[in-house]
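Novice: work.tsv (TSV, C-alpha atoms) pasted underneath:
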chain	number	residue	atom	x	y	z
A	259	MET	CA	-118.41	-123.94	-246.18
A	260	ILE	CA	-115.17	-125.10	-247.72
A	261	THR	CA	-112.13	-123.72	-245.89
A	262	THR	CA	-108.68	-123.60	-247.41
A	263	ALA	CA	-105.37	-123.06	-245.69
A	264	ASN	CA	-104.46	-119.39	-245.40
A	265	ILE	CA	-101.09	-119.40	-247.20
A	266	LYS	CA	-99.14	-116.23	-247.92
A	267	ASN	CA	-95.60	-116.16	-249.37
A	268	GLY	CA	-95.53	-119.93	-248.89
A	269	VAL	CA	-96.13	-119.48	-245.13
A	270	ASN	CA	-99.18	-121.06	-243.48
A	271	VAL	CA	-100.45	-117.97	-241.69
A	272	ASP	CA	-103.03	-119.92	-239.66
A	273	GLN	CA	-100.24	-122.13	-238.31
A	274	LEU	CA	-98.12	-119.05	-237.64
A	275	VAL	CA	-100.93	-117.42	-235.65
A	276	GLU	CA	-101.48	-120.70	-233.77
A	277	THR	CA	-97.76	-120.88	-232.98
A	278	ILE	CA	-97.74	-117.35	-231.60
A	279	GLY	CA	-100.83	-118.16	-229.49
A	280	ALA	CA	-99.28	-121.36	-228.17
A	281	VAL	CA	-96.08	-119.54	-227.18
A	282	GLN	CA	-98.07	-116.82	-225.44
A	283	THR	CA	-99.95	-119.49	-223.46
A	284	ASN	CA	-96.86	-121.58	-222.69
A	285	PRO	CA	-93.58	-119.64	-223.01
A	286	GLU	CA	-91.52	-122.83	-222.63
A	287	LEU	CA	-92.63	-123.91	-226.13
A	288	ALA	CA	-90.48	-121.12	-227.60
A	289	LYS	CA	-87.21	-122.64	-226.39
A	290	PHE	CA	-85.24	-124.35	-229.16
A	291	GLN	CA	-81.83	-125.96	-229.23
A	292	PHE	CA	-80.10	-126.64	-232.56
A	293	ARG	CA	-77.06	-128.88	-232.97
A	294	ALA	CA	-74.44	-130.19	-235.37
A	295	LYS	CA	-71.83	-132.93	-235.20
A	296	ASN	CA	-68.63	-132.11	-237.03
A	297	ASN	CA	-65.83	-134.42	-238.19
A	298	TRP	CA	-62.43	-133.27	-239.37
A	299	ILE	CA	-61.28	-134.91	-242.62
A	300	ASP	CA	-57.92	-133.22	-243.20
A	301	GLY	CA	-56.44	-129.73	-243.53
A	302	GLY	CA	-59.33	-127.29	-243.62
A	303	HIS	CA	-61.84	-129.91	-244.80
A	304	CYS	CA	-64.67	-130.86	-242.41
A	305	VAL	CA	-68.12	-132.43	-242.63
A	306	SER	CA	-71.10	-131.73	-240.37
A	307	ASN	CA	-74.15	-133.87	-239.81
A	308	ILE	CA	-77.32	-132.11	-238.71
A	309	LYS	CA	-80.50	-133.84	-237.60
A	310	GLY	CA	-81.80	-133.67	-234.04
A	311	PHE	CA	-83.08	-130.52	-232.39
A	312	TYR	CA	-85.21	-129.61	-229.38
A	313	GLY	CA	-88.23	-127.36	-229.70
A	314	VAL	CA	-91.92	-126.92	-228.87
A	315	GLY	CA	-91.30	-128.63	-225.53
A	316	ALA	CA	-89.83	-131.86	-226.87
A	317	GLU	CA	-87.05	-133.49	-228.83
A	318	ASP	CA	-88.04	-133.38	-232.51
A	319	GLN	CA	-89.32	-136.60	-234.03
A	320	SER	CA	-90.39	-135.21	-237.41
A	321	ARG	CA	-87.12	-134.74	-239.28
A	322	GLN	CA	-86.34	-137.81	-241.35
A	323	GLU	CA	-83.17	-136.78	-243.14
A	324	THR	CA	-79.70	-136.17	-241.73
A	325	PHE	CA	-78.31	-133.14	-243.54
A	326	SER	CA	-74.63	-133.47	-244.40
A	327	LEU	CA	-72.67	-130.29	-245.16
A	328	GLU	CA	-68.99	-129.81	-245.90
A	329	CYS	CA	-66.54	-126.96	-245.59
A	330	SER	CA	-63.21	-126.78	-247.35
A	331	HIS	CA	-60.84	-124.20	-248.83
A	332	PRO	CA	-59.67	-123.29	-252.32
A	333	GLN	CA	-56.09	-123.93	-253.42
A	334	VAL	CA	-54.90	-120.42	-252.58
A	335	LEU	CA	-56.01	-121.17	-249.01
A	336	LEU	CA	-54.19	-124.52	-249.04
A	337	GLY	CA	-57.22	-126.72	-249.69
A	338	GLN	CA	-58.61	-128.88	-252.49
A	339	ASP	CA	-61.80	-126.81	-252.91
A	340	GLU	CA	-64.23	-129.65	-252.21
A	341	ALA	CA	-66.77	-127.29	-250.63
A	342	PRO	CA	-67.28	-123.62	-249.71
A	343	THR	CA	-65.20	-122.00	-246.98
A	344	PRO	CA	-66.75	-121.38	-243.54
A	345	PRO	CA	-67.09	-117.61	-244.17
A	346	GLU	CA	-68.93	-118.33	-247.44
A	347	VAL	CA	-71.26	-120.68	-245.57
A	348	VAL	CA	-71.97	-117.85	-243.11
A	349	LEU	CA	-72.95	-115.62	-246.07
A	350	HIS	CA	-75.35	-118.36	-247.21
A	351	ALA	CA	-76.91	-118.66	-243.75
A	352	LEU	CA	-77.16	-114.90	-243.28
A	353	SER	CA	-78.74	-114.15	-246.67
A	354	SER	CA	-81.20	-117.06	-246.27
A	355	CYS	CA	-82.12	-115.94	-242.76
A	356	LEU	CA	-82.63	-112.26	-243.65
A	357	THR	CA	-84.81	-113.32	-246.60
A	358	GLY	CA	-86.78	-115.89	-244.60
A	359	ALA	CA	-87.37	-113.47	-241.72
A	360	MET	CA	-88.70	-110.86	-244.14
A	361	VAL	CA	-90.99	-113.43	-245.80
A	362	TYR	CA	-92.41	-114.79	-242.50
A	363	HIS	CA	-93.03	-111.37	-240.99
A	364	ALA	CA	-94.47	-110.09	-244.27
A	365	ALA	CA	-96.91	-113.04	-244.23
A	366	ALA	CA	-97.87	-112.23	-240.62
A	367	ASN	CA	-98.52	-108.62	-241.65
A	368	GLY	CA	-100.53	-109.43	-244.77
A	369	ILE	CA	-97.77	-108.28	-247.14
A	370	ASP	CA	-97.23	-110.20	-250.39
A	371	ILE	CA	-93.70	-111.00	-251.48
A	372	GLU	CA	-93.66	-111.91	-255.16
A	373	SER	CA	-89.96	-112.55	-255.56
A	374	ALA	CA	-86.71	-112.01	-253.68
A	375	GLU	CA	-83.09	-112.53	-254.65
A	376	SER	CA	-79.93	-111.21	-253.12
A	377	ASN	CA	-76.20	-110.77	-253.35
A	378	ILE	CA	-74.04	-110.81	-250.26
A	379	LYS	CA	-70.34	-110.16	-249.86
A	380	GLY	CA	-67.86	-109.92	-247.03
A	381	GLY	CA	-64.28	-108.69	-246.94
A	382	VAL	CA	-61.51	-110.15	-244.83
A	383	ASP	CA	-57.82	-109.36	-244.43
A	384	LEU	CA	-55.74	-112.49	-243.78
A	385	HIS	CA	-53.30	-110.55	-241.58
A	386	GLY	CA	-55.79	-111.40	-238.80
A	387	PHE	CA	-56.10	-115.13	-239.36
A	388	LEU	CA	-52.38	-115.55	-240.04
A	389	GLY	CA	-51.54	-113.81	-236.75
A	390	LEU	CA	-49.44	-111.19	-238.56
A	391	ASP	CA	-51.21	-108.12	-237.17
A	392	PRO	CA	-53.14	-108.14	-233.86
A	393	GLU	CA	-54.95	-104.96	-234.97
A	394	VAL	CA	-56.62	-106.80	-237.87
A	395	ARG	CA	-59.62	-108.94	-237.00
A	396	MET	CA	-59.89	-112.58	-238.12
A	397	GLY	CA	-63.45	-112.31	-239.41
A	398	PHE	CA	-65.16	-110.16	-242.01
A	399	ASP	CA	-64.53	-106.44	-241.55
A	400	GLY	CA	-68.03	-105.89	-242.94
A	401	ILE	CA	-70.81	-107.58	-244.89
A	402	LYS	CA	-72.91	-105.98	-247.63
A	403	PHE	CA	-76.31	-107.53	-248.38
A	404	THR	CA	-78.32	-106.33	-251.38
A	405	LEU	CA	-81.83	-107.72	-251.72
A	406	LYS	CA	-84.08	-107.23	-254.75
A	407	VAL	CA	-87.74	-107.69	-253.81
A	408	LYS	CA	-91.02	-107.52	-255.70
A	409	SER	CA	-93.60	-106.37	-253.15
A	410	ASP	CA	-96.04	-103.53	-252.53
A	411	ALA	CA	-94.40	-102.77	-249.18
A	412	SER	CA	-91.75	-100.06	-248.91
A	413	ALA	CA	-88.05	-100.84	-248.81
A	414	GLU	CA	-87.93	-99.38	-245.28
A	415	GLN	CA	-90.69	-101.68	-244.05
A	416	LEU	CA	-89.13	-104.75	-245.70
A	417	GLU	CA	-85.79	-103.93	-244.08
A	418	GLN	CA	-87.41	-103.77	-240.65
A	419	LEU	CA	-89.01	-107.19	-241.24
A	420	ALA	CA	-85.71	-108.73	-242.44
A	421	LYS	CA	-84.01	-107.55	-239.25
A	422	PHE	CA	-85.98	-110.09	-237.22
A	423	SER	CA	-83.43	-112.57	-238.62
A	424	PRO	CA	-81.76	-114.65	-235.88
A	425	VAL	CA	-78.52	-114.98	-237.88
A	426	PHE	CA	-78.43	-111.20	-238.49
A	427	ASP	CA	-78.59	-110.77	-234.70
A	428	MET	CA	-75.83	-113.35	-234.18
A	429	ILE	CA	-73.51	-111.64	-236.67
A	430	THR	CA	-74.14	-108.00	-235.76
A	431	ASN	CA	-74.22	-108.54	-231.97
A	432	PRO	CA	-71.86	-110.58	-229.81
A	433	THR	CA	-72.93	-114.18	-229.21
A	434	PRO	CA	-71.07	-116.00	-226.43
A	435	VAL	CA	-69.31	-119.21	-227.56
A	436	SER	CA	-67.90	-121.58	-224.97
A	437	ILE	CA	-65.13	-123.89	-226.13
A	438	GLU	CA	-64.29	-127.14	-224.40
A	439	ILE	CA	-61.36	-129.14	-225.72
A	440	VAL	CA	-61.24	-132.76	-224.61
A	441	LYS	CA	-57.97	-134.62	-225.19
A	442	GLU	CA	-58.49	-138.23	-226.31
B	330	MET	CA	-31.79	-135.36	-253.33
B	331	ILE	CA	-35.43	-136.21	-253.52
B	332	THR	CA	-37.64	-133.59	-251.88
B	333	THR	CA	-41.19	-134.26	-250.77
B	334	ALA	CA	-43.87	-131.77	-249.84
B	335	ASN	CA	-43.84	-130.89	-246.15
B	336	ILE	CA	-47.39	-131.90	-245.22
B	337	LYS	CA	-48.69	-131.81	-241.66
B	338	ASN	CA	-52.34	-132.42	-240.68
B	339	GLY	CA	-53.16	-132.34	-244.40
B	340	VAL	CA	-51.75	-128.79	-244.65
B	341	ASN	CA	-48.87	-128.04	-247.03
B	342	VAL	CA	-46.61	-126.25	-244.55
B	343	ASP	CA	-44.19	-125.09	-247.26
B	344	GLN	CA	-47.07	-123.39	-249.07
B	345	LEU	CA	-48.29	-121.92	-245.77
B	346	VAL	CA	-44.85	-120.44	-245.06
B	347	GLU	CA	-44.70	-119.11	-248.64
B	348	THR	CA	-48.14	-117.54	-248.21
B	349	ILE	CA	-47.09	-115.80	-245.01
B	350	GLY	CA	-43.91	-114.55	-246.70
B	351	ALA	CA	-45.86	-113.27	-249.72
B	352	VAL	CA	-48.31	-111.40	-247.48
B	353	GLN	CA	-45.45	-109.86	-245.51
B	354	THR	CA	-43.86	-108.65	-248.77
B	355	ASN	CA	-47.14	-107.45	-250.32
B	356	PRO	CA	-49.91	-106.81	-247.75
B	357	GLU	CA	-52.52	-106.34	-250.49
B	358	LEU	CA	-52.38	-110.09	-251.23
B	359	ALA	CA	-54.10	-110.72	-247.87
B	360	LYS	CA	-57.33	-109.00	-248.90
B	361	PHE	CA	-60.14	-111.43	-249.73
B	362	GLN	CA	-63.77	-110.92	-250.61
B	363	PHE	CA	-66.22	-113.83	-250.42
B	364	ARG	CA	-69.71	-113.79	-251.94
B	365	ALA	CA	-72.96	-115.69	-252.32
B	366	LYS	CA	-76.04	-115.25	-254.49
B	367	ASN	CA	-79.28	-116.22	-252.81
B	368	ASN	CA	-82.67	-116.98	-254.31
B	369	TRP	CA	-85.90	-117.24	-252.36
B	370	ILE	CA	-87.98	-120.32	-253.23
B	371	ASP	CA	-90.94	-119.94	-250.84
B	372	GLY	CA	-91.64	-119.56	-247.13
B	373	GLY	CA	-88.35	-120.02	-245.31
B	374	HIS	CA	-86.76	-122.01	-248.15
B	375	CYS	CA	-83.82	-120.42	-250.00
B	376	VAL	CA	-80.91	-121.57	-252.14
B	377	SER	CA	-77.46	-119.97	-252.39
B	378	ASN	CA	-74.92	-120.34	-255.15
B	379	ILE	CA	-71.29	-119.78	-254.23
B	380	LYS	CA	-68.41	-119.60	-256.68
B	381	GLY	CA	-66.43	-116.41	-257.32
B	382	PHE	CA	-64.19	-114.75	-254.79
B	383	TYR	CA	-61.38	-112.22	-254.78
B	384	GLY	CA	-58.04	-112.94	-253.13
B	385	VAL	CA	-54.26	-112.91	-253.55
B	386	GLY	CA	-54.58	-109.73	-255.61
B	387	ALA	CA	-56.97	-111.06	-258.25
B	388	GLU	CA	-60.37	-112.52	-258.99
B	389	ASP	CA	-60.11	-116.30	-258.49
B	390	GLN	CA	-59.89	-118.41	-261.64
B	391	SER	CA	-59.21	-121.77	-259.98
B	392	ARG	CA	-62.60	-122.80	-258.60
B	393	GLN	CA	-64.44	-124.98	-261.12
B	394	GLU	CA	-67.58	-125.89	-259.19
B	395	THR	CA	-70.48	-123.68	-258.16
B	396	PHE	CA	-71.51	-124.80	-254.68
B	397	SER	CA	-75.26	-124.84	-254.16
B	398	LEU	CA	-76.58	-124.80	-250.56
B	399	GLU	CA	-80.11	-124.63	-249.27
B	400	CYS	CA	-81.76	-123.48	-246.09
B	401	SER	CA	-85.25	-124.42	-244.99
B	402	HIS	CA	-87.24	-125.05	-241.80
B	403	PRO	CA	-88.83	-128.08	-240.15
B	404	GLN	CA	-92.60	-128.41	-239.93
B	405	VAL	CA	-92.80	-126.94	-236.41
B	406	LEU	CA	-91.21	-123.82	-237.90
B	407	LEU	CA	-93.70	-123.80	-240.79
B	408	GLY	CA	-91.42	-125.36	-243.42
B	409	GLN	CA	-91.11	-128.61	-245.34
B	410	ASP	CA	-87.68	-129.51	-243.88
B	411	GLU	CA	-85.86	-129.67	-247.23
B	412	ALA	CA	-82.59	-128.45	-245.67
B	413	PRO	CA	-81.12	-127.29	-242.36
B	414	THR	CA	-82.21	-123.97	-240.81
B	415	PRO	CA	-79.93	-120.93	-241.05
B	416	PRO	CA	-78.89	-121.19	-237.35
B	417	GLU	CA	-77.92	-124.85	-237.91
B	418	VAL	CA	-75.86	-123.81	-240.93
B	419	VAL	CA	-74.08	-121.28	-238.70
B	420	LEU	CA	-73.22	-124.11	-236.28
B	421	HIS	CA	-71.75	-126.06	-239.21
B	422	ALA	CA	-69.67	-123.08	-240.34
B	423	LEU	CA	-68.49	-122.27	-236.81
B	424	SER	CA	-67.49	-125.82	-235.88
B	425	SER	CA	-65.70	-126.30	-239.23
B	426	CYS	CA	-63.89	-122.98	-238.87
B	427	LEU	CA	-62.76	-123.56	-235.27
B	428	THR	CA	-61.48	-127.00	-236.25
B	429	GLY	CA	-59.78	-125.79	-239.44
B	430	ALA	CA	-58.12	-122.87	-237.66
B	431	MET	CA	-56.74	-125.22	-235.01
B	432	VAL	CA	-55.46	-127.61	-237.69
B	433	TYR	CA	-53.75	-124.90	-239.80
B	434	HIS	CA	-52.12	-123.19	-236.84
B	435	ALA	CA	-51.08	-126.56	-235.38
B	436	ALA	CA	-49.40	-127.37	-238.71
B	437	ALA	CA	-47.60	-124.01	-238.67
B	438	ASN	CA	-46.38	-124.75	-235.14
B	439	GLY	CA	-45.25	-128.32	-235.83
B	440	ILE	CA	-48.08	-129.87	-233.81
B	441	ASP	CA	-49.65	-133.09	-235.06
B	442	ILE	CA	-53.42	-133.46	-234.98
B	443	GLU	CA	-54.38	-137.12	-235.27
B	444	SER	CA	-58.13	-136.74	-235.13
B	445	ALA	CA	-60.76	-134.14	-234.28
B	446	GLU	CA	-64.51	-134.34	-233.91
B	447	SER	CA	-66.94	-132.02	-232.25
B	448	ASN	CA	-70.45	-131.35	-231.06
B	449	ILE	CA	-71.91	-127.89	-231.17
B	450	LYS	CA	-75.24	-126.61	-229.90
B	451	GLY	CA	-77.00	-123.29	-229.62
B	452	GLY	CA	-80.12	-122.27	-227.74
B	453	VAL	CA	-82.70	-119.77	-228.95
B	454	ASP	CA	-85.97	-118.46	-227.54
B	455	LEU	CA	-88.52	-117.72	-230.27
B	456	HIS	CA	-89.99	-114.84	-228.25
B	457	GLY	CA	-87.27	-112.79	-229.98
B	458	PHE	CA	-87.90	-113.82	-233.59
B	459	LEU	CA	-91.67	-113.69	-233.16
B	460	GLY	CA	-91.46	-110.14	-231.82
B	461	LEU	CA	-93.23	-111.12	-228.59
B	462	ASP	CA	-90.58	-109.82	-226.18
B	463	PRO	CA	-88.11	-107.06	-227.08
B	464	GLU	CA	-85.89	-108.17	-224.19
B	465	VAL	CA	-85.26	-111.56	-225.86
B	466	ARG	CA	-82.71	-111.64	-228.64
B	467	MET	CA	-83.49	-113.18	-232.03
B	468	GLY	CA	-80.26	-115.19	-232.25
B	469	PHE	CA	-78.65	-117.86	-230.10
B	470	ASP	CA	-78.34	-116.85	-226.46
B	471	GLY	CA	-75.15	-118.92	-226.38
B	472	ILE	CA	-73.26	-121.61	-228.25
B	473	LYS	CA	-71.41	-124.55	-226.69
B	474	PHE	CA	-68.66	-126.20	-228.73
B	475	THR	CA	-67.05	-129.42	-227.49
B	476	LEU	CA	-64.07	-130.70	-229.47
B	477	LYS	CA	-62.41	-134.07	-228.96
B	478	VAL	CA	-58.84	-134.03	-230.25
B	479	LYS	CA	-56.02	-136.56	-230.44
B	480	SER	CA	-52.81	-134.55	-230.21
B	481	ASP	CA	-49.71	-134.16	-228.04
B	482	ALA	CA	-50.49	-130.47	-227.52
B	483	SER	CA	-52.34	-129.33	-224.40
B	484	ALA	CA	-56.05	-128.49	-224.47
B	485	GLU	CA	-55.15	-124.87	-223.58
B	486	GLN	CA	-52.78	-124.56	-226.53
B	487	LEU	CA	-55.27	-126.15	-228.94
B	488	GLU	CA	-57.98	-123.75	-227.76
B	489	GLN	CA	-55.73	-120.77	-228.45
B	490	LEU	CA	-55.08	-122.08	-231.97
B	491	ALA	CA	-58.79	-122.67	-232.64
B	492	LYS	CA	-59.54	-119.08	-231.65
B	493	PHE	CA	-57.81	-117.83	-234.82
B	494	SER	CA	-61.09	-118.89	-236.51
B	495	PRO	CA	-62.61	-116.09	-238.62
B	496	VAL	CA	-66.17	-117.35	-237.99
B	497	PHE	CA	-65.52	-117.49	-234.22
B	498	ASP	CA	-64.54	-113.82	-234.43
B	499	MET	CA	-67.66	-112.99	-236.48
B	500	ILE	CA	-69.98	-114.69	-233.97
B	501	THR	CA	-68.38	-113.54	-230.73
B	502	ASN	CA	-67.69	-109.96	-231.84
B	503	PRO	CA	-70.00	-107.55	-233.70
B	504	THR	CA	-69.65	-107.62	-237.49
B	505	PRO	CA	-71.29	-104.71	-239.33
B	506	VAL	CA	-73.89	-105.77	-241.90
B	507	SER	CA	-75.27	-103.19	-244.33
B	508	ILE	CA	-78.66	-103.98	-245.86
B	509	GLU	CA	-79.85	-102.46	-249.11
B	510	ILE	CA	-83.36	-103.32	-250.26
B	511	VAL	CA	-84.05	-102.63	-253.94
B	512	LYS	CA	-87.71	-102.67	-255.01
B	513	GLU	CA	-88.23	-104.28	-258.42
How does this structure look as structure tokens?
Specialist:
Amino acid sequence: MITTANIKNGVNVDQLVETIGAVQTNPELAKFQFRAKNNWIDGGHCVSNIKGFYGVGAEDQSRQETFSLECSHPQVLLGQDEAPTPPEVVLHALSSCLTGAMVYHAAANGIDIESAESNIKGGVDLHGFLGLDPEVRMGFDGIKFTLKVKSDASAEQLEQLAKFSPVFDMITNPTPVSIEIVKE
Amino acid sequence: MITTANIKNGVNVDQLVETIGAVQTNPELAKFQFRAKNNWIDGGHCVSNIKGFYGVGAEDQSRQETFSLECSHPQVLLGQDEAPTPPEVVLHALSSCLTGAMVYHAAANGIDIESAESNIKGGVDLHGFLGLDPEVRMGFDGIKFTLKVKSDASAEQLEQLAKFSPVFDMITNPTPVSIEIVKE
């Protein structure tokens, strides 16, 4: 008998089932830690390097590449527009994570996803960031995500699958952030 | 008299003061909308394109480049590791935003920042994402940000300035996200 990998939506379902089994046997394998190193360039222009992470009970040895990402600001926000702003980068992470979560959970449930593309937008009032009005928040007052999907599953079911997204959880629910400033 | 731009920490302070004055005169100028378009490639691999935004009372015409960013997953998370994961991208956005907010508000307050670099890490337990334990959240259970700064200001003052960060607000406080799934 010739066996082939059981791939759905680009996800290796056999490996996914194995992963779930491994985590059920040894819960410690589910603990991950992700990291970034960030360097300030000038103004609102920064660069992050991302490589190492901890997961599956050990420090990762598989990732070969260091990913380098920048943030900057357009001229109206006093920058030189070398890269997207941090809030735009959040929209990228959130839309990718909602889509990926839907795709993985669809694969686990035997649902085909033929295509998926989305638009995401967030509004912000600079009175918050500029410190001009303490009633106005610094971040987005709301985010609207519109996802077009080709699939036999219902929109309601796909939405439930997307909501397994870790970034969706981080944005919609409070995530504690500790800040330590070290003077050099 | 020869006048030179009043630049501090790479921030044009004259332009910053003008921006604050313009917003105080016409509050509508403070309303921004940021956007991304996201396309699913396969599995947990997506690409976002970021260009247009609304701000200062009009659709932006200044940005020339379309920024293209990817997300993917390492092999232990069933991907091919073409790009950082969405949670890692959030760490990039958050560290850049905390740093940029500190730098801008330091400039506005006459505080020099000589250098700034940071490490950021977030822990996550996959029991949440995998749907194995409803008590475990999908997102980071906490984020630790450590920033080394060369500046005459105190660590306490610098921390207060960093906390003007819009992404810090979005992560630490709930941000509503509406999801619309359109079947094609």
Novice: Using all atoms listed in the file, can you tell me which of A:Gly380, A:Pro344, A:Gly400, A:Pro285 comes closest to B:Phe382?
Specialist: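 Between A:Gly380, A:Pro344, A:Gly400, A:Pro285, the residue approaching B:Phe382 most closely is A:Gly380.
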Novice: For a test of reading the model, state the distance in Å between atom CA of A:Met396 and atom CA of A:Val347, rounded to one decimal.
Specialist: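 Atom CA of A:Met396 sits 15.8 Å away from atom CA of A:Val347.
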Novice: Ranking B:Ala359, B:Ala491, B:Ile442, B:Ala435 by minimum distance to chain A and counting all atoms listed in the file, which one comes first?
Specialist: B:Ala359
Novice: Work out how far apart atom CA of A:Gly315 and atom CA of A:Thr283 are and give it in Å to one decimal.
Specialist: 12.8 Å
Novice: Give as a ChimeraX atom specification the set of residues within 12 Å of the point (-87.9, -112.9, -256.9), where distances use the file's coordinates and only C-alpha atoms.
Specialist: /A:267,357,361,370-376,405-409 /B:367-371,375,511-513
Novice: Quick one: pull the distance between atom CA of B:Ile349 and atom CA of A:Gly389, Å, one decimal.
Specialist: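 That distance, rounded to one decimal, is 9.6 Å.
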Novice: Taking (-77.5, -133.4, -238.1) in the file's coordinates, which residues come within 9 Å, counting all atoms listed in the file, written as an MDAnalysis selection string?
Specialist: (chainID A and resid 293:295 306:311 323:326) or (chainID B and resid 413 417)
Novice: Could you check which of B:Arg466, B:Lys450, B:His434, B:Lys492 is closest to chain A, using all atoms listed in the file?
Specialist: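 For chain A, the nearest of the given residues is B:Lys450.
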Novice: Could you tell me which of B:Ser401, B:Phe458, B:Ala334, B:Val352 comes closest to A:Leu419 if we count only C-alpha atoms?
Specialist: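 Among the listed residues, the smallest separation from A:Leu419 belongs to B:Phe458.
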Novice: Could you pull the residues within 9 Å of B:Gly372, counting only C-alpha atoms, minus those fewer than 5 positions along the same chain, as a VMD selection string?
Specialist: (chain A and resid 266 to 270 358 361 to 362 365) or (chain B and resid 401 to 402 407 to 408)
Novice: Can you take the partial stretch 445-462 of chain B, add N, CA and C atoms, and return it as a tab-separated table (two decimals), keeping the file's coordinate frame?
Specialist:
chain	number	residue	atom	x	y	z
B	445	ALA	N	-59.98	-135.21	-234.91
B	445	ALA	CA	-60.76	-134.14	-234.28
B	445	ALA	C	-62.22	-134.32	-234.65
B	446	GLU	N	-63.07	-134.32	-233.65
B	446	GLU	CA	-64.51	-134.34	-233.91
B	446	GLU	C	-65.19	-133.52	-232.83
B	447	SER	N	-66.33	-132.96	-233.18
B	447	SER	CA	-66.94	-132.02	-232.25
B	447	SER	C	-68.46	-132.10	-232.26
B	448	ASN	N	-69.01	-131.61	-231.17
B	448	ASN	CA	-70.45	-131.35	-231.06
B	448	ASN	C	-70.63	-129.88	-230.77
B	449	ILE	N	-71.65	-129.31	-231.39
B	449	ILE	CA	-71.91	-127.89	-231.17
B	449	ILE	C	-73.42	-127.70	-231.02
B	450	LYS	N	-73.80	-126.85	-230.09
B	450	LYS	CA	-75.24	-126.61	-229.90
B	450	LYS	C	-75.47	-125.16	-229.51
B	451	GLY	N	-76.63	-124.67	-229.92
B	451	GLY	CA	-77.00	-123.29	-229.62
B	451	GLY	C	-78.46	-123.22	-229.23
B	452	GLY	N	-78.76	-122.42	-228.21
B	452	GLY	CA	-80.12	-122.27	-227.74
B	452	GLY	C	-80.73	-120.95	-228.19
B	453	VAL	N	-82.02	-120.99	-228.52
B	453	VAL	CA	-82.70	-119.77	-228.95
B	453	VAL	C	-84.12	-119.79	-228.42
B	454	ASP	N	-84.60	-118.61	-228.04
B	454	ASP	CA	-85.97	-118.46	-227.54
B	454	ASP	C	-86.75	-117.68	-228.60
B	455	LEU	N	-87.78	-118.32	-229.15
B	455	LEU	CA	-88.52	-117.72	-230.27
B	455	LEU	C	-89.30	-116.46	-229.90
B	456	HIS	N	-89.37	-116.12	-228.60
B	456	HIS	CA	-89.99	-114.84	-228.25
B	456	HIS	C	-89.29	-113.68	-228.98
B	457	GLY	N	-87.99	-113.84	-229.26
B	457	GLY	CA	-87.27	-112.79	-229.98
B	457	GLY	C	-87.70	-112.70	-231.43
B	458	PHE	N	-87.55	-113.82	-232.16
B	458	PHE	CA	-87.90	-113.82	-233.59
B	458	PHE	C	-89.36	-113.45	-233.82
B	459	LEU	N	-90.24	-113.94	-232.96
B	459	LEU	CA	-91.67	-113.69	-233.16
B	459	LEU	C	-92.09	-112.26	-232.75
B	460	GLY	N	-91.15	-111.51	-232.20
B	460	GLY	CA	-91.46	-110.14	-231.82
B	460	GLY	C	-92.35	-110.05	-230.60
B	461	LEU	N	-92.34	-111.09	-229.76
B	461	LEU	CA	-93.23	-111.12	-228.59
B	461	LEU	C	-92.59	-110.50	-227.35
B	462	ASP	N	-91.27	-110.38	-227.35
B	462	ASP	CA	-90.58	-109.82	-226.18
B	462	ASP	C	-89.30	-109.13	-226.65
